[in-house]
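Engineer: Contents of run.cif (mmCIF, C-alpha atoms):
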data_coords
loop_
_atom_site.group_PDB
_atom_site.id
_atom_site.type_symbol
_atom_site.label_atom_id
_atom_site.label_comp_id
_atom_site.auth_asym_id
_atom_site.auth_seq_id
_atom_site.Cartn_x
_atom_site.Cartn_y
_atom_site.Cartn_z
ATOM 1 C CA MET C 1 133.931 91.921 42.243
ATOM 2 C CA LEU C 2 134.150 89.504 45.172
ATOM 3 C CA ARG C 3 137.195 91.350 46.473
ATOM 4 C CA ARG C 4 135.127 94.529 46.803
ATOM 5 C CA ILE C 5 132.447 92.858 48.982
ATOM 6 C CA PRO C 6 133.313 93.652 52.618
ATOM 7 C CA ILE C 7 133.706 90.242 54.247
ATOM 8 C CA VAL C 8 133.546 91.368 57.893
ATOM 9 C CA SER C 9 130.470 93.554 57.381
ATOM 10 C CA THR C 10 128.737 90.812 55.409
ATOM 11 C CA LEU C 11 129.444 88.247 58.124
ATOM 12 C CA ILE C 12 128.156 90.618 60.821
ATOM 13 C CA VAL C 13 124.939 91.303 58.899
ATOM 14 C CA LEU C 14 124.400 87.594 58.149
ATOM 15 C CA ALA C 15 125.013 86.716 61.806
ATOM 16 C CA ALA C 16 122.518 89.388 62.918
ATOM 17 C CA VAL C 17 119.942 88.117 60.414
ATOM 18 C CA ALA C 18 120.471 84.536 61.630
ATOM 19 C CA VAL C 19 119.938 85.658 65.245
ATOM 20 C CA MET C 20 116.741 87.519 64.285
ATOM 21 C CA ILE C 21 115.403 84.492 62.411
ATOM 22 C CA GLY C 22 116.287 82.333 65.409
ATOM 23 C CA LEU C 23 114.364 84.693 67.701
ATOM 24 C CA GLY C 24 111.383 84.528 65.345
ATOM 25 C CA LEU C 25 111.438 80.721 65.412
ATOM 26 C CA TRP C 26 111.744 80.794 69.197
ATOM 27 C CA GLN C 27 108.649 83.018 69.387
ATOM 28 C CA LEU C 28 106.738 80.528 67.211
ATOM 29 C CA ASP C 29 107.744 77.779 69.631
ATOM 30 C CA ARG C 30 106.630 79.952 72.581
ATOM 31 C CA ARG C 31 103.299 80.456 70.796
ATOM 32 C CA ALA C 32 102.707 76.702 70.692
ATOM 33 C CA GLN C 33 103.648 76.414 74.367
ATOM 34 C CA LYS C 34 101.304 79.267 75.312
ATOM 35 C CA GLU C 35 98.436 77.724 73.319
ATOM 36 C CA ALA C 36 98.905 74.463 75.228
ATOM 37 C CA LEU C 37 98.978 76.342 78.537
ATOM 38 C CA LEU C 38 95.811 78.288 77.662
ATOM 39 C CA ALA C 39 94.061 75.027 76.728
ATOM 40 C CA GLN C 40 95.118 73.616 80.112
ATOM 41 C CA TYR C 41 93.723 76.719 81.855
ATOM 42 C CA ALA C 42 90.426 76.479 79.963
ATOM 43 C CA ALA C 43 90.086 72.803 80.924
ATOM 44 C CA ALA C 44 90.898 73.618 84.575
ATOM 45 C CA LEU C 45 88.202 76.286 84.683
ATOM 46 C CA LYS C 46 85.587 73.721 83.596
ATOM 47 C CA GLN C 47 86.445 71.300 86.406
ATOM 48 C CA GLU C 48 83.947 71.491 89.243
ATOM 49 C CA GLU C 49 86.012 69.502 91.761
ATOM 50 C CA ARG C 50 87.557 71.812 94.353
ATOM 51 C CA VAL C 51 91.239 71.503 95.257
ATOM 52 C CA ALA C 52 93.039 72.450 98.439
ATOM 53 C CA LEU C 53 94.913 75.748 98.214
ATOM 54 C CA PRO C 54 98.636 74.901 98.441
ATOM 55 C CA GLY C 55 100.883 77.083 100.570
ATOM 56 C CA ASP C 56 103.693 77.322 98.016
ATOM 57 C CA ALA C 57 103.331 79.822 95.151
ATOM 58 C CA ALA C 58 104.841 77.394 92.624
ATOM 59 C CA ASP C 59 102.308 74.742 93.619
ATOM 60 C CA ARG C 60 99.517 77.294 93.246
ATOM 61 C CA ALA C 61 100.685 78.017 89.691
ATOM 62 C CA ARG C 62 99.983 74.388 88.789
ATOM 63 C CA LEU C 63 96.380 74.950 89.880
ATOM 64 C CA TYR C 64 95.584 78.203 88.073
ATOM 65 C CA TYR C 65 91.886 78.420 87.159
ATOM 66 C CA ARG C 66 90.926 75.536 89.446
ATOM 67 C CA ARG C 67 88.207 75.983 92.038
ATOM 68 C CA THR C 68 89.142 75.941 95.719
ATOM 69 C CA SER C 69 87.508 76.261 99.130
ATOM 70 C CA PHE C 70 89.206 77.020 102.441
ATOM 71 C CA ASP C 71 88.651 78.678 105.780
ATOM 72 C CA CYS C 72 90.314 82.111 105.652
ATOM 73 C CA PRO C 73 91.508 83.414 109.023
ATOM 74 C CA ALA C 74 91.679 87.203 108.768
ATOM 75 C CA ASP C 75 90.959 90.322 110.772
ATOM 76 C CA GLY C 76 91.147 93.757 109.218
ATOM 77 C CA ASP C 77 89.926 96.111 106.555
ATOM 78 C CA THR C 78 90.004 95.186 102.899
ATOM 79 C CA GLN C 79 92.684 96.752 100.743
ATOM 80 C CA LEU C 80 91.483 98.574 97.650
ATOM 81 C CA ARG C 81 92.896 98.081 94.163
ATOM 82 C CA ALA C 82 91.579 98.954 90.751
ATOM 83 C CA GLY C 83 89.397 96.176 89.437
ATOM 84 C CA HIS C 84 86.403 95.156 87.370
ATOM 85 C CA ASN C 85 83.070 93.686 88.294
ATOM 86 C CA SER C 86 81.349 90.753 86.610
ATOM 87 C CA ARG C 87 79.825 93.128 83.997
ATOM 88 C CA GLY C 88 83.232 94.641 83.146
ATOM 89 C CA ASP C 89 82.698 97.978 84.924
ATOM 90 C CA THR C 90 85.827 99.604 86.359
ATOM 91 C CA GLY C 91 85.872 100.333 90.072
ATOM 92 C CA TRP C 92 87.483 98.998 93.231
ATOM 93 C CA ALA C 93 88.351 95.394 94.027
ATOM 94 C CA HIS C 94 88.400 94.620 97.755
ATOM 95 C CA TRP C 95 91.270 92.401 98.796
ATOM 96 C CA GLY C 96 91.745 90.498 102.009
ATOM 97 C CA GLU C 97 94.664 88.457 103.218
ATOM 98 C CA CYS C 98 94.288 85.056 104.815
ATOM 99 C CA VAL C 99 97.047 84.169 107.280
ATOM 100 C CA PHE C 100 97.155 80.459 108.035
ATOM 101 C CA ASP C 101 98.547 78.745 111.145
ATOM 102 C CA ASP C 102 101.689 77.606 109.295
ATOM 103 C CA GLY C 103 102.494 81.223 108.324
ATOM 104 C CA THR C 104 101.504 80.936 104.680
ATOM 105 C CA ARG C 105 99.296 83.627 103.223
ATOM 106 C CA ALA C 106 96.737 83.899 100.485
ATOM 107 C CA GLU C 107 95.294 87.015 98.906
ATOM 108 C CA VAL C 108 91.591 86.922 98.146
ATOM 109 C CA ASN C 109 89.552 89.232 95.939
ATOM 110 C CA LEU C 110 86.419 89.526 98.096
ATOM 111 C CA GLY C 111 84.245 91.656 95.838
ATOM 112 C CA TRP C 112 83.880 94.933 93.979
ATOM 113 C CA SER C 113 82.470 98.400 94.595
ATOM 114 C CA ALA C 114 82.057 101.513 92.483
ATOM 115 C CA GLN C 115 83.261 103.774 95.311
ATOM 116 C CA PRO C 116 86.548 103.463 97.234
ATOM 117 C CA SER C 117 85.276 102.571 100.692
ATOM 118 C CA GLN C 118 86.972 99.907 102.792
ATOM 119 C CA VAL C 119 85.025 96.987 104.204
ATOM 120 C CA ARG C 120 85.809 95.084 107.381
ATOM 121 C CA PHE C 121 86.846 91.479 106.770
ATOM 122 C CA VAL C 122 87.052 89.164 109.764
ATOM 123 C CA GLY C 123 87.590 85.941 107.870
ATOM 124 C CA ALA C 124 85.177 83.479 106.362
ATOM 125 C CA MET C 125 84.893 80.286 104.399
ATOM 126 C CA ILE C 126 86.120 81.208 100.909
ATOM 127 C CA SER C 127 85.155 79.451 97.700
ATOM 128 C CA GLY C 128 86.571 80.731 94.461
ATOM 129 C CA VAL C 129 88.979 80.373 91.577
ATOM 130 C CA ILE C 130 92.782 80.366 91.838
ATOM 131 C CA ALA C 131 94.141 82.946 89.406
ATOM 132 C CA PRO C 132 97.558 84.272 88.324
ATOM 133 C CA ASP C 133 98.660 87.437 90.106
ATOM 134 C CA GLY C 134 102.000 88.639 88.746
ATOM 135 C CA ALA C 135 104.809 88.852 91.294
ATOM 136 C CA LYS C 136 102.653 87.428 94.106
ATOM 137 C CA GLY C 137 102.117 84.247 92.134
ATOM 138 C CA ALA C 138 98.442 83.571 92.742
ATOM 139 C CA ARG C 139 95.273 84.976 94.204
ATOM 140 C CA VAL C 140 91.799 83.645 94.762
ATOM 141 C CA VAL C 141 88.741 85.404 93.366
ATOM 142 C CA ALA C 142 85.781 84.614 95.622
ATOM 143 C CA ASP C 143 82.612 83.225 94.055
ATOM 144 C CA GLN C 144 80.438 85.105 96.539
ATOM 145 C CA PRO C 145 81.304 88.721 97.429
ATOM 146 C CA LEU C 146 81.245 90.069 100.976
ATOM 147 C CA PRO C 147 77.915 91.581 102.017
ATOM 148 C CA GLY C 148 77.551 95.048 100.502
ATOM 149 C CA LEU C 149 79.909 94.333 97.591
ATOM 150 C CA GLY C 150 79.244 93.269 94.026
ATOM 151 C CA ALA C 151 80.838 90.291 92.330
ATOM 152 C CA SER C 152 84.323 90.851 90.952
ATOM 153 C CA ALA C 153 85.171 89.694 87.457
ATOM 154 C CA MET C 154 86.108 86.048 87.519
ATOM 155 C CA PRO C 155 89.487 85.092 86.080
ATOM 156 C CA ASP C 156 89.383 84.192 82.394
ATOM 157 C CA PRO C 157 92.185 82.394 80.541
ATOM 158 C CA ASN C 158 91.243 84.439 77.464
ATOM 159 C CA ASP C 159 92.673 87.490 79.253
ATOM 160 C CA VAL C 160 96.165 85.930 79.153
ATOM 161 C CA PRO C 161 97.940 87.431 76.142
ATOM 162 C CA ASN C 162 99.310 85.176 73.439
ATOM 163 C CA ASN C 163 101.079 87.631 71.137
ATOM 164 C CA HIS C 164 104.024 85.419 70.223
ATOM 165 C CA LEU C 165 102.981 85.215 66.561
ATOM 166 C CA SER C 166 103.187 89.000 66.210
ATOM 167 C CA TYR C 167 106.584 88.984 67.947
ATOM 168 C CA ALA C 168 107.790 86.290 65.534
ATOM 169 C CA MET C 169 106.585 88.317 62.550
ATOM 170 C CA GLN C 170 108.421 91.357 63.906
ATOM 171 C CA TRP C 171 111.693 89.413 64.136
ATOM 172 C CA PHE C 172 111.269 88.072 60.609
ATOM 173 C CA PHE C 173 110.489 91.603 59.376
ATOM 174 C CA PHE C 174 113.620 92.952 61.119
ATOM 175 C CA ALA C 175 115.717 90.220 59.461
ATOM 176 C CA ALA C 176 114.284 90.989 56.025
ATOM 177 C CA THR C 177 114.758 94.740 56.567
ATOM 178 C CA ALA C 178 118.386 94.247 57.590
ATOM 179 C CA LEU C 179 119.036 92.179 54.464
ATOM 180 C CA VAL C 180 117.351 94.700 52.146
ATOM 181 C CA ILE C 181 119.240 97.630 53.684
ATOM 182 C CA TYR C 182 122.525 95.752 53.434
ATOM 183 C CA VAL C 183 121.939 94.743 49.800
ATOM 184 C CA LEU C 184 121.049 98.343 48.876
ATOM 185 C CA ALA C 185 124.144 99.653 50.662
ATOM 186 C CA LEU C 186 126.309 97.016 48.972
ATOM 187 C CA ARG C 187 124.909 97.857 45.513
ATOM 188 C CA ARG C 188 125.628 101.537 46.102
ATOM 189 C CA ARG C 189 129.174 100.755 47.205
ATOM 190 C CA LEU C 190 129.798 98.513 44.199
ATOM 191 C CA ARG C 191 128.441 101.196 41.815
ATOM 192 C CA GLN C 192 130.692 103.846 43.308
ATOM 193 C CA GLY C 193 133.684 101.551 43.048
ATOM 194 C CA SER C 194 133.271 100.936 39.279
#
So that I can check it, write out the structure of this file as structure tokens.
Structural biologist:
Amino acid sequence: MLRRIPIVSTLIVLAAVAVMIGLGLWQLDRRAQKEALLAQYAAALKQEERVALPGDAADRARLYYRRTSFDCPADGDTQLRAGHNSRGDTGWAHWGECVFDDGTRAEVNLGWSAQPSQVRFVGAMISGVIAPDGAKGARVVADQPLPGLGASAMPDPNDVPNNHLSYAMQWFFFAATALVIYVLALRRRLRQGS
């Protein structure tokens, strides 16, 4: 009977299953890391002490969800992007860009409106929360909106997804499915060979 079991196919399936189990375990490890990061973010959001806004995006990432204050030199109209207000309504977030003397820049969410109308922004003292912003690294959501705008939704660490457990379960399911399919195929082959 052992001679009829395909060695190469069995090794390939077992290697694939081992890789899938390894990916599931990796996702469980990522889950623990993400939970620690989210706890760090939640603790940062509770700190009242304001920090200086660093110029480097990597340094800003260390300060996600911390409060900051700085003088924002700017001159121009706000840029509109889809956004939410403090009540969760969908509308338009008004963004301004601070350009500092050393050439570094910071994007600031200056407020929210229901209608897409630009607002002039000539710079101001900004107080707000440093938040993640995808490829740009970080943004600041202002505590006080510009005159004529409503408050934008403040950043919330609970909005950061932590779906690593479901990914792990998917990998384990794929591994189990591969084993079941292989065992069924092997039983069929062995039956046909007898």
Engineer: Here's the selection I'm unsure about, the PyMOL selection byres ((chain C and resi 110) around 8); applied to the file above, which residues does it give, as a ChimeraX atom specification?
Structural biologist: /C:93-96,108-109,111-112,141-142,144-146,152
Engineer: Once the PyMOL selection byres ((chain C and resi 159) around 12) has been applied to the shown file, what residues remain in the selection, as a list in words?
Structural biologist: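 Selected by the PyMOL selection byres ((chain C and resi 159) around 12) in this file: Leu38, Tyr41, Ala42, Ala131, Pro132, Ala153, Met154, Pro155, Asp156, Pro157, Asn158, Val160, Pro161, Asn162 and Asn163 of chain C.
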Engineer: Give me, as an mmCIF file with C-alpha atoms, keeping the file's coordinate frame, all polymer residues having an atom no more than 9 Å from Gly91 in chain C, counting only C-alpha atoms and skipping those fewer than 6 positions away in the same chain.
Structural biologist:
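What ended up in out_12.cif:
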data_model
loop_
_atom_site.group_PDB
_atom_site.id
_atom_site.type_symbol
_atom_site.label_atom_id
_atom_site.label_comp_id
_atom_site.auth_asym_id
_atom_site.auth_seq_id
_atom_site.Cartn_x
_atom_site.Cartn_y
_atom_site.Cartn_z
ATOM 1 C CA ARG C 81 92.896 98.081 94.163
ATOM 2 C CA ALA C 82 91.579 98.954 90.751
ATOM 3 C CA GLY C 83 89.397 96.176 89.437
ATOM 4 C CA HIS C 84 86.403 95.156 87.370
ATOM 5 C CA ASN C 85 83.070 93.686 88.294
ATOM 6 C CA TRP C 112 83.880 94.933 93.979
ATOM 7 C CA SER C 113 82.470 98.400 94.595
ATOM 8 C CA ALA C 114 82.057 101.513 92.483
ATOM 9 C CA GLN C 115 83.261 103.774 95.311
ATOM 10 C CA PRO C 116 86.548 103.463 97.234
#
Engineer: With the PyMOL selection byres ((chain C and resi 24) around 9) as the selection, what would be picked from this file? Answer as number ranges by chain, please.
Structural biologist: C: 19-23, 25-29, 164-165, 167-172
Engineer: Go ahead and find all residues with at least one atom no further than 12 Å from (118.1, 93.2, 56.3) in the file's coordinates, using only C-alpha atoms; report them as a PyMOL selection string.
Structural biologist: chain C and resi 10+12-21+171-186
Engineer: Restricting the calculation to all atoms listed in the file: of C:Ile126, C:Asp59, C:Asp89, C:Pro73, which residue gets closest to Gly103 in chain C?
Structural biologist: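 Under the stated criterion, the closest residue is C:Pro73.
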Engineer: What does the structure give for the distance between CA of Gln40 in chain C and CA of Val140 in chain C, in Å to one decimal?
Structural biologist: 18.1 Å
Engineer: Using 8 Å of padding on each side, determine the axis-aligned box around all atoms of range 88-97 of chain C present in the file and give its centre and edge lengths in Å to one decimal, as JSON.
Structural biologist:
{"center_x": 88.7, "center_y": 94.4, "center_z": 93.2, "size_x": 28.0, "size_y": 27.9, "size_z": 36.1}
Engineer: To one decimal place, how far is CA of Ala52 in chain C from CA of Leu37 in chain C in Å?
Structural biologist: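 Result for CA of Ala52 in chain C versus CA of Leu37 in chain C: 21.1 Å, one decimal.
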Engineer: If you count all atoms listed in the file, which residues fall within 12 Å of Thr104 in chain C, apart from same-chain ones fewer than 2 positions away, as number ranges by chain?
Structural biologist: C: 53-57, 72-73, 97-102, 106-107
Engineer: Rounded to one decimal, what separation in Å do you get between CA of Lys46 in chain C and CA of Arg62 in chain C?
Structural biologist: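 Here the two named atoms are 15.3 Å from each other.
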Engineer: Complete range 33-64 of chain C with N, CA and C atoms (output as a PDB file, in the frame of the given file).
Structural biologist:
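Heads up, here's the output in out.pdb:
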ATOM      1  N   GLN C  33     103.664  76.686  72.923  1.00  0.00           N
ATOM      2  CA  GLN C  33     103.648  76.414  74.367  1.00  0.00           C
ATOM      3  C   GLN C  33     102.527  77.176  75.054  1.00  0.00           C
ATOM      4  N   LYS C  34     102.347  78.446  74.691  1.00  0.00           N
ATOM      5  CA  LYS C  34     101.304  79.267  75.312  1.00  0.00           C
ATOM      6  C   LYS C  34      99.920  78.736  74.960  1.00  0.00           C
ATOM      7  N   GLU C  35      99.728  78.288  73.707  1.00  0.00           N
ATOM      8  CA  GLU C  35      98.436  77.724  73.319  1.00  0.00           C
ATOM      9  C   GLU C  35      98.120  76.488  74.143  1.00  0.00           C
ATOM     10  N   ALA C  36      99.117  75.650  74.398  1.00  0.00           N
ATOM     11  CA  ALA C  36      98.905  74.463  75.228  1.00  0.00           C
ATOM     12  C   ALA C  36      98.563  74.862  76.663  1.00  0.00           C
ATOM     13  N   LEU C  37      99.247  75.872  77.184  1.00  0.00           N
ATOM     14  CA  LEU C  37      98.978  76.342  78.537  1.00  0.00           C
ATOM     15  C   LEU C  37      97.568  76.923  78.645  1.00  0.00           C
ATOM     16  N   LEU C  38      97.153  77.705  77.653  1.00  0.00           N
ATOM     17  CA  LEU C  38      95.811  78.288  77.662  1.00  0.00           C
ATOM     18  C   LEU C  38      94.740  77.202  77.566  1.00  0.00           C
ATOM     19  N   ALA C  39      94.996  76.148  76.805  1.00  0.00           N
ATOM     20  CA  ALA C  39      94.061  75.027  76.728  1.00  0.00           C
ATOM     21  C   ALA C  39      93.964  74.326  78.085  1.00  0.00           C
ATOM     22  N   GLN C  40      95.100  74.206  78.763  1.00  0.00           N
ATOM     23  CA  GLN C  40      95.118  73.616  80.112  1.00  0.00           C
ATOM     24  C   GLN C  40      94.299  74.479  81.073  1.00  0.00           C
ATOM     25  N   TYR C  41      94.482  75.803  81.003  1.00  0.00           N
ATOM     26  CA  TYR C  41      93.723  76.719  81.855  1.00  0.00           C
ATOM     27  C   TYR C  41      92.222  76.610  81.587  1.00  0.00           C
ATOM     28  N   ALA C  42      91.845  76.565  80.311  1.00  0.00           N
ATOM     29  CA  ALA C  42      90.426  76.479  79.963  1.00  0.00           C
ATOM     30  C   ALA C  42      89.821  75.182  80.492  1.00  0.00           C
ATOM     31  N   ALA C  43      90.569  74.089  80.397  1.00  0.00           N
ATOM     32  CA  ALA C  43      90.086  72.803  80.924  1.00  0.00           C
ATOM     33  C   ALA C  43      89.977  72.862  82.452  1.00  0.00           C
ATOM     34  N   ALA C  44      90.923  73.510  83.107  1.00  0.00           N
ATOM     35  CA  ALA C  44      90.898  73.618  84.575  1.00  0.00           C
ATOM     36  C   ALA C  44      89.683  74.406  85.037  1.00  0.00           C
ATOM     37  N   LEU C  45      89.342  75.443  84.309  1.00  0.00           N
ATOM     38  CA  LEU C  45      88.202  76.286  84.683  1.00  0.00           C
ATOM     39  C   LEU C  45      86.887  75.514  84.609  1.00  0.00           C
ATOM     40  N   LYS C  46      86.812  74.513  83.747  1.00  0.00           N
ATOM     41  CA  LYS C  46      85.587  73.721  83.596  1.00  0.00           C
ATOM     42  C   LYS C  46      85.434  72.647  84.664  1.00  0.00           C
ATOM     43  N   GLN C  47      86.518  72.345  85.386  1.00  0.00           N
ATOM     44  CA  GLN C  47      86.445  71.300  86.406  1.00  0.00           C
ATOM     45  C   GLN C  47      85.713  71.823  87.638  1.00  0.00           C
ATOM     46  N   GLU C  48      84.737  71.075  88.081  1.00  0.00           N
ATOM     47  CA  GLU C  48      83.947  71.491  89.243  1.00  0.00           C
ATOM     48  C   GLU C  48      84.589  71.064  90.560  1.00  0.00           C
ATOM     49  N   GLU C  49      85.392  70.009  90.530  1.00  0.00           N
ATOM     50  CA  GLU C  49      86.012  69.502  91.761  1.00  0.00           C
ATOM     51  C   GLU C  49      86.915  70.577  92.362  1.00  0.00           C
ATOM     52  N   ARG C  50      86.765  70.797  93.658  1.00  0.00           N
ATOM     53  CA  ARG C  50      87.557  71.812  94.353  1.00  0.00           C
ATOM     54  C   ARG C  50      88.852  71.185  94.863  1.00  0.00           C
ATOM     55  N   VAL C  51      89.929  71.962  94.797  1.00  0.00           N
ATOM     56  CA  VAL C  51      91.239  71.503  95.257  1.00  0.00           C
ATOM     57  C   VAL C  51      91.641  72.307  96.484  1.00  0.00           C
ATOM     58  N   ALA C  52      92.504  71.722  97.290  1.00  0.00           N
ATOM     59  CA  ALA C  52      93.039  72.450  98.439  1.00  0.00           C
ATOM     60  C   ALA C  52      94.004  73.516  97.932  1.00  0.00           C
ATOM     61  N   LEU C  53      94.002  74.664  98.588  1.00  0.00           N
ATOM     62  CA  LEU C  53      94.913  75.748  98.214  1.00  0.00           C
ATOM     63  C   LEU C  53      96.292  75.449  98.785  1.00  0.00           C
ATOM     64  N   PRO C  54      97.297  75.185  97.926  1.00  0.00           N
ATOM     65  CA  PRO C  54      98.636  74.901  98.441  1.00  0.00           C
ATOM     66  C   PRO C  54      99.278  76.158  99.028  1.00  0.00           C
ATOM     67  N   GLY C  55     100.195  75.956  99.955  1.00  0.00           N
ATOM     68  CA  GLY C  55     100.883  77.083 100.570  1.00  0.00           C
ATOM     69  C   GLY C  55     101.959  77.679  99.682  1.00  0.00           C
ATOM     70  N   ASP C  56     102.583  76.876  98.845  1.00  0.00           N
ATOM     71  CA  ASP C  56     103.693  77.322  98.016  1.00  0.00           C
ATOM     72  C   ASP C  56     103.187  77.948  96.721  1.00  0.00           C
ATOM     73  N   ALA C  57     103.767  79.098  96.360  1.00  0.00           N
ATOM     74  CA  ALA C  57     103.331  79.822  95.151  1.00  0.00           C
ATOM     75  C   ALA C  57     103.523  78.984  93.887  1.00  0.00           C
ATOM     76  N   ALA C  58     104.604  78.229  93.813  1.00  0.00           N
ATOM     77  CA  ALA C  58     104.841  77.394  92.624  1.00  0.00           C
ATOM     78  C   ALA C  58     103.779  76.310  92.511  1.00  0.00           C
ATOM     79  N   ASP C  59     103.365  75.747  93.644  1.00  0.00           N
ATOM     80  CA  ASP C  59     102.308  74.742  93.619  1.00  0.00           C
ATOM     81  C   ASP C  59     100.979  75.367  93.221  1.00  0.00           C
ATOM     82  N   ARG C  60     100.748  76.610  93.633  1.00  0.00           N
ATOM     83  CA  ARG C  60      99.517  77.294  93.246  1.00  0.00           C
ATOM     84  C   ARG C  60      99.475  77.511  91.737  1.00  0.00           C
ATOM     85  N   ALA C  61     100.632  77.779  91.140  1.00  0.00           N
ATOM     86  CA  ALA C  61     100.685  78.017  89.691  1.00  0.00           C
ATOM     87  C   ALA C  61     100.212  76.788  88.920  1.00  0.00           C
ATOM     88  N   ARG C  62     100.451  75.608  89.454  1.00  0.00           N
ATOM     89  CA  ARG C  62      99.983  74.388  88.789  1.00  0.00           C
ATOM     90  C   ARG C  62      98.456  74.299  88.804  1.00  0.00           C
ATOM     91  N   LEU C  63      97.832  75.046  89.702  1.00  0.00           N
ATOM     92  CA  LEU C  63      96.380  74.950  89.880  1.00  0.00           C
ATOM     93  C   LEU C  63      95.639  76.193  89.403  1.00  0.00           C
ATOM     94  N   TYR C  64      96.278  77.026  88.591  1.00  0.00           N
ATOM     95  CA  TYR C  64      95.584  78.203  88.073  1.00  0.00           C
ATOM     96  C   TYR C  64      94.268  77.796  87.424  1.00  0.00           C
TER      97      TYR C  64
END
